[in-house]
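**Student:** Provided herewith is a single structure, encoded as structure tokens, for subsequent inquiry.
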Amino acid sequence: MAATPLSADYAAAGFGRTLVPGPRPALLLIDFARAYFDPASPLHAGVESARASAARLHAAARAAGIPVIFTRVEYGPNGEGGGLFWQKIAALSVFVTGSPLGDFTPELAPLPGDQVITKHYPSAFFGTGLAEDLHARRIDTLVIAGLSTSGCVRASAVDAICHGFVPLLAVDAVGDRDPAVHQANLFDLAAKTAELASEAEILAYFSRVQAAARKA
């Protein structure tokens with residue numbers, strides 16, 4: 001008997017059912033720091049296309065009146081705030097206060113009216129109050145872009161669904177340092193946690209949200 005393709009095996013087991021994005025999304029842009037784009041950085045990932053896609057989503061969200069949240073990472077001089085996560089990953093030293101590698105890239109940086117959250121751990125939700133803020137604003141869907149797919153993007157998507165938000169992953173606007181790791185995590189997120197959508201699909205979604213808001 002021929003081997004069952006992995007996707008068919010997962011589907012047969014009941015993974016990958018569809019979550020429907022709602023009418024009140026927000027855009028979460030995770031850790032678009034210089035550290036991921038500077039070749040001299042230990043976190044360099046070579047994911048410039050993801051940043052370009054995220055910049056277009058950023059512009060579209062603002063034009064549509066959709067809330068935008070940026071995350072950034074920052075630690076004290078000796079890793080204060082990082083706990084065991086700091087101990088696990090030496091490269092987090094690029095995010096010590098004052099390091100230029102922790103700054104947003106000029107191609108994708110917060111604008112007036114955007115929310116900025118400073119975090120110390122992978123998830124945008126952990127220790128930040130993000131869930132409470134989104135619930136207060138009646139957000140039902142979180143469009144997620146950022147870095148890296150296997151790290152902070154994945155952790156944030158998992159926490160998003162745990163807090164009752166539909167995680168809609170912008171596949172053209174997320175990236176990782178290794179394509180195989182990136183693809184494996186996209187597969188697993190689609191099976192268990194998130195919906196995946198192209199940049200074009202998300203732009204169309206934003207347009208529908210904007211049109212509905214104008215009619216309301």
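Ligands are numbered from 1 in the order shown, chains are lettered A, B, ... in the order of the structure tokens, and residues start at 1 in each chain.
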With a cut-off of 12 Å, could you pull out the residues of range 121-145 of chain A touching range 41-61 of chain A and give me the nearest pair of atoms for each, distance in Å to one decimal, using only C-alpha atoms, ordered by chain and ascending number, as a Markdown table?

**Tutor:**
```
| residue | atom | partner | partner_atom | distance |
| --- | --- | --- | --- | --- |
| A:Leu142 | CA | A:Ala61 | CA | 11.9 |
| A:Val143 | CA | A:Leu57 | CA | 9.5 |
| A:Ile144 | CA | A:Ala54 | CA | 9.3 |
| A:Ala145 | CA | A:Ala54 | CA | 6.3 |
```

**Student:** Taking the DSSP assignment computed from this structure's backbone, write out as number ranges by chain all residues of chain A that belong to strand (DSSP E).

**Tutor:** A: 25-30, 68-73, 115-119, 141-147, 166-175, 195-197

**Student:** Using only C-alpha atoms, can you tell me which of A:Ala90, A:Ala200, A:Val68, A:Ala184 comes closest to Gly113 in chain A?

**Tutor:** A:Val68

**Student:** DSSP on the backbone, then: every residue of chain A marked helix (DSSP H, G or I), written as number ranges by chain.

**Tutor:** A: 6-13, 34-36, 48-64, 83-88, 90-95, 100-102, 130-136, 149-162, 179-192, 199-215

**Student:** Using only C-alpha atoms, which of the listed residues (A:Gly146, A:Gly83, A:Pro122, A:Pro167) sits closest to Leu108 in chain A?

**Tutor:**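 Using only C-alpha atoms, Leu108 in chain A sits closest to A:Gly146.
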
**Student:** Would you list the contacts of range 185-198 of chain A as a list in words, taking every protein, DNA or RNA residue within 6 Å and counting only C-alpha atoms, but skipping same-chain residues closer than 5 positions in sequence?

**Tutor:**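 Skipping anything fewer than 5 positions along the chain leaves Phe15, Gly16, Ser150, Pro167, Leu168, Leu169, Ala170, Val171 and Asp172 of chain A.
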
**Student:** Write the residues you've just listed into a file as a CSV table (one decimal), in the first residue's frame, and include all heavy atoms for each of them.

**Tutor:**
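To be explicit, this is the file written out as selection23.csv:
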```
chain,number,residue,atom,x,y,z
A,15,PHE,N,-7.4,17.0,11.8
A,15,PHE,CA,-6.7,18.3,11.9
A,15,PHE,C,-7.1,19.2,10.8
A,15,PHE,O,-7.6,18.8,9.7
A,15,PHE,CB,-5.2,18.1,11.9
A,15,PHE,CG,-4.7,17.3,13.1
A,15,PHE,CD1,-4.4,16.0,13.0
A,15,PHE,CD2,-4.5,18.0,14.3
A,15,PHE,CE1,-3.9,15.3,14.1
A,15,PHE,CE2,-4.0,17.4,15.4
A,15,PHE,CZ,-3.7,16.0,15.3
A,16,GLY,N,-6.9,20.5,11.0
A,16,GLY,CA,-7.0,21.5,9.9
A,16,GLY,C,-8.4,22.0,9.6
A,16,GLY,O,-8.6,22.4,8.5
A,150,SER,N,9.0,30.0,13.5
A,150,SER,CA,9.1,28.9,14.4
A,150,SER,C,9.2,29.4,15.9
A,150,SER,O,9.1,28.6,16.8
A,150,SER,CB,10.4,28.1,14.1
A,150,SER,OG,11.6,28.9,14.3
A,167,PRO,N,-6.4,33.3,14.7
A,167,PRO,CA,-5.1,33.6,14.2
A,167,PRO,C,-5.1,33.4,12.7
A,167,PRO,O,-5.2,32.3,12.2
A,167,PRO,CB,-4.2,32.6,14.9
A,167,PRO,CG,-5.0,31.8,15.8
A,167,PRO,CD,-6.4,31.9,15.3
A,168,LEU,N,-4.9,34.5,12.0
A,168,LEU,CA,-4.8,34.5,10.5
A,168,LEU,C,-3.4,34.9,10.1
A,168,LEU,O,-2.9,36.0,10.2
A,168,LEU,CB,-5.8,35.5,9.9
A,168,LEU,CG,-5.9,35.6,8.4
A,168,LEU,CD1,-6.3,34.2,7.8
A,168,LEU,CD2,-6.9,36.6,7.9
A,169,LEU,N,-2.6,33.9,9.7
A,169,LEU,CA,-1.2,34.0,9.5
A,169,LEU,C,-0.9,34.5,8.1
A,169,LEU,O,-1.4,33.9,7.1
A,169,LEU,CB,-0.5,32.7,9.7
A,169,LEU,CG,1.0,32.8,10.1
A,169,LEU,CD1,1.1,33.5,11.5
A,169,LEU,CD2,1.5,31.3,10.2
A,170,ALA,N,-0.2,35.6,7.9
A,170,ALA,CA,0.1,36.2,6.6
A,170,ALA,C,1.3,35.5,6.1
A,170,ALA,O,2.5,35.9,6.4
A,170,ALA,CB,0.3,37.7,6.8
A,171,VAL,N,1.2,34.5,5.3
A,171,VAL,CA,2.3,33.6,4.9
A,171,VAL,C,3.4,34.3,4.1
A,171,VAL,O,4.5,33.9,4.2
A,171,VAL,CB,1.8,32.3,4.1
A,171,VAL,CG1,0.9,31.5,5.0
A,171,VAL,CG2,1.0,32.7,2.9
A,172,ASP,N,3.0,35.4,3.4
A,172,ASP,CA,4.0,36.1,2.7
A,172,ASP,C,4.8,37.1,3.6
A,172,ASP,O,5.8,37.7,3.1
A,172,ASP,CB,3.4,36.9,1.5
A,172,ASP,CG,2.7,35.9,0.5
A,172,ASP,OD1,3.3,34.9,0.2
A,172,ASP,OD2,1.6,36.2,0.1
```

**Student:** Counting only C-alpha atoms, what are the residues of range 41-98 of chain A within 12 Å of range 132-138 of chain A, and for each of them which pair of atoms is the nearest and at what distance in Å, to one decimal? Sort the table by chain and rising number, as a tab-separated table.

**Tutor:**
```
residue	atom	partner	partner_atom	distance
A:Ile66	CA	A:Arg137	CA	11.3
A:Pro67	CA	A:Arg137	CA	9.5
A:Val68	CA	A:Leu134	CA	11.0
A:Ile69	CA	A:Leu134	CA	10.2
```

**Student:** Using N, CA and C atoms, can you export the residues from the last selection as a CSV table (one decimal), in the first residue's frame?

**Tutor:**
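Generated file (part.csv):
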```csv
chain,number,residue,atom,x,y,z
A,66,ILE,N,-8.0,49.7,10.4
A,66,ILE,CA,-7.8,48.4,11.2
A,66,ILE,C,-6.7,48.7,12.2
A,67,PRO,N,-6.9,48.4,13.5
A,67,PRO,CA,-5.8,48.6,14.5
A,67,PRO,C,-4.5,47.8,14.2
A,68,VAL,N,-3.4,48.5,14.4
A,68,VAL,CA,-2.1,47.9,14.2
A,68,VAL,C,-1.3,47.9,15.5
A,69,ILE,N,-0.7,46.7,15.8
A,69,ILE,CA,0.1,46.5,17.0
A,69,ILE,C,1.5,46.0,16.5
```

**Student:** Could you jot down the CA of Leu101 in chain A to CA of Gln115 in chain A separation for me, Å, one decimal place?

**Tutor:** 20.3 Å

**Student:** CA of Gly127 in chain A and CA of Pro21 in chain A are how many Å apart?

**Tutor:** 25.5 Å

**Student:** Residues at most 9 Å from Ser93 in chain A, counting only C-alpha atoms, excluding those fewer than 5 positions away in the same chain, as a PyMOL selection string?

**Tutor:** chain A and resi 75+77-79+86+99

**Student:** Take CA of Leu28 in chain A and CA of Ala124 in chain A and report the distance between them in Å, one decimal.

**Tutor:**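 Here the two named atoms are 8.7 Å from each other.
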
**Student:** Report as JSON lines the residues of range 18-57 of chain A within 12 Å of range 155-165 of chain A, each with its shortest atom pair and distance in Å (one decimal), using only C-alpha atoms, ordered by chain and increasing residue number.

**Tutor:**
```
{"residue": "A:Leu19", "atom": "CA", "partner": "A:Phe165", "partner_atom": "CA", "distance": 10.0}
{"residue": "A:Val20", "atom": "CA", "partner": "A:Phe165", "partner_atom": "CA", "distance": 10.5}
{"residue": "A:Pro21", "atom": "CA", "partner": "A:Phe165", "partner_atom": "CA", "distance": 8.9}
{"residue": "A:Gly22", "atom": "CA", "partner": "A:Phe165", "partner_atom": "CA", "distance": 9.1}
{"residue": "A:Pro23", "atom": "CA", "partner": "A:Phe165", "partner_atom": "CA", "distance": 11.7}
{"residue": "A:Arg24", "atom": "CA", "partner": "A:Phe165", "partner_atom": "CA", "distance": 10.2}
{"residue": "A:Pro25", "atom": "CA", "partner": "A:Phe165", "partner_atom": "CA", "distance": 9.1}
{"residue": "A:Ala26", "atom": "CA", "partner": "A:Phe165", "partner_atom": "CA", "distance": 10.0}
{"residue": "A:Leu27", "atom": "CA", "partner": "A:Phe165", "partner_atom": "CA", "distance": 11.9}
{"residue": "A:Leu28", "atom": "CA", "partner": "A:Ser156", "partner_atom": "CA", "distance": 9.3}
{"residue": "A:Leu29", "atom": "CA", "partner": "A:Ser156", "partner_atom": "CA", "distance": 10.6}
{"residue": "A:Ile30", "atom": "CA", "partner": "A:Ser156", "partner_atom": "CA", "distance": 8.7}
{"residue": "A:Asp31", "atom": "CA", "partner": "A:Ser156", "partner_atom": "CA", "distance": 11.4}
```

**Student:** Select, from A:Lys88, A:Arg62, A:Arg214, A:His120, the residue with the minimum atom-to-atom distance to Gly76 in chain A, counting only C-alpha atoms.

**Tutor:**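 Ranked by minimum distance to Gly76 in chain A, first place goes to A:His120.
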
**Student:** Near Phe206 in chain A, within 8 Å and counting only C-alpha atoms, which residues show up once chain neighbours fewer than 2 positions away are dropped, as a list in words?

**Tutor:**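 Final neighbour list, sorted by chain and number: Ala60, Ala61, Ala64, Ile66, Ile202, Leu203, Ala204, Arg208, Val209 and Gln210 of chain A.
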
**Student:** Which residues come within 8 Å of Arg72 in chain A, counting only C-alpha atoms, excluding same-chain residues fewer than 5 positions away, as a PyMOL selection string?

**Tutor:** chain A and resi 30-33+102+104+116-119
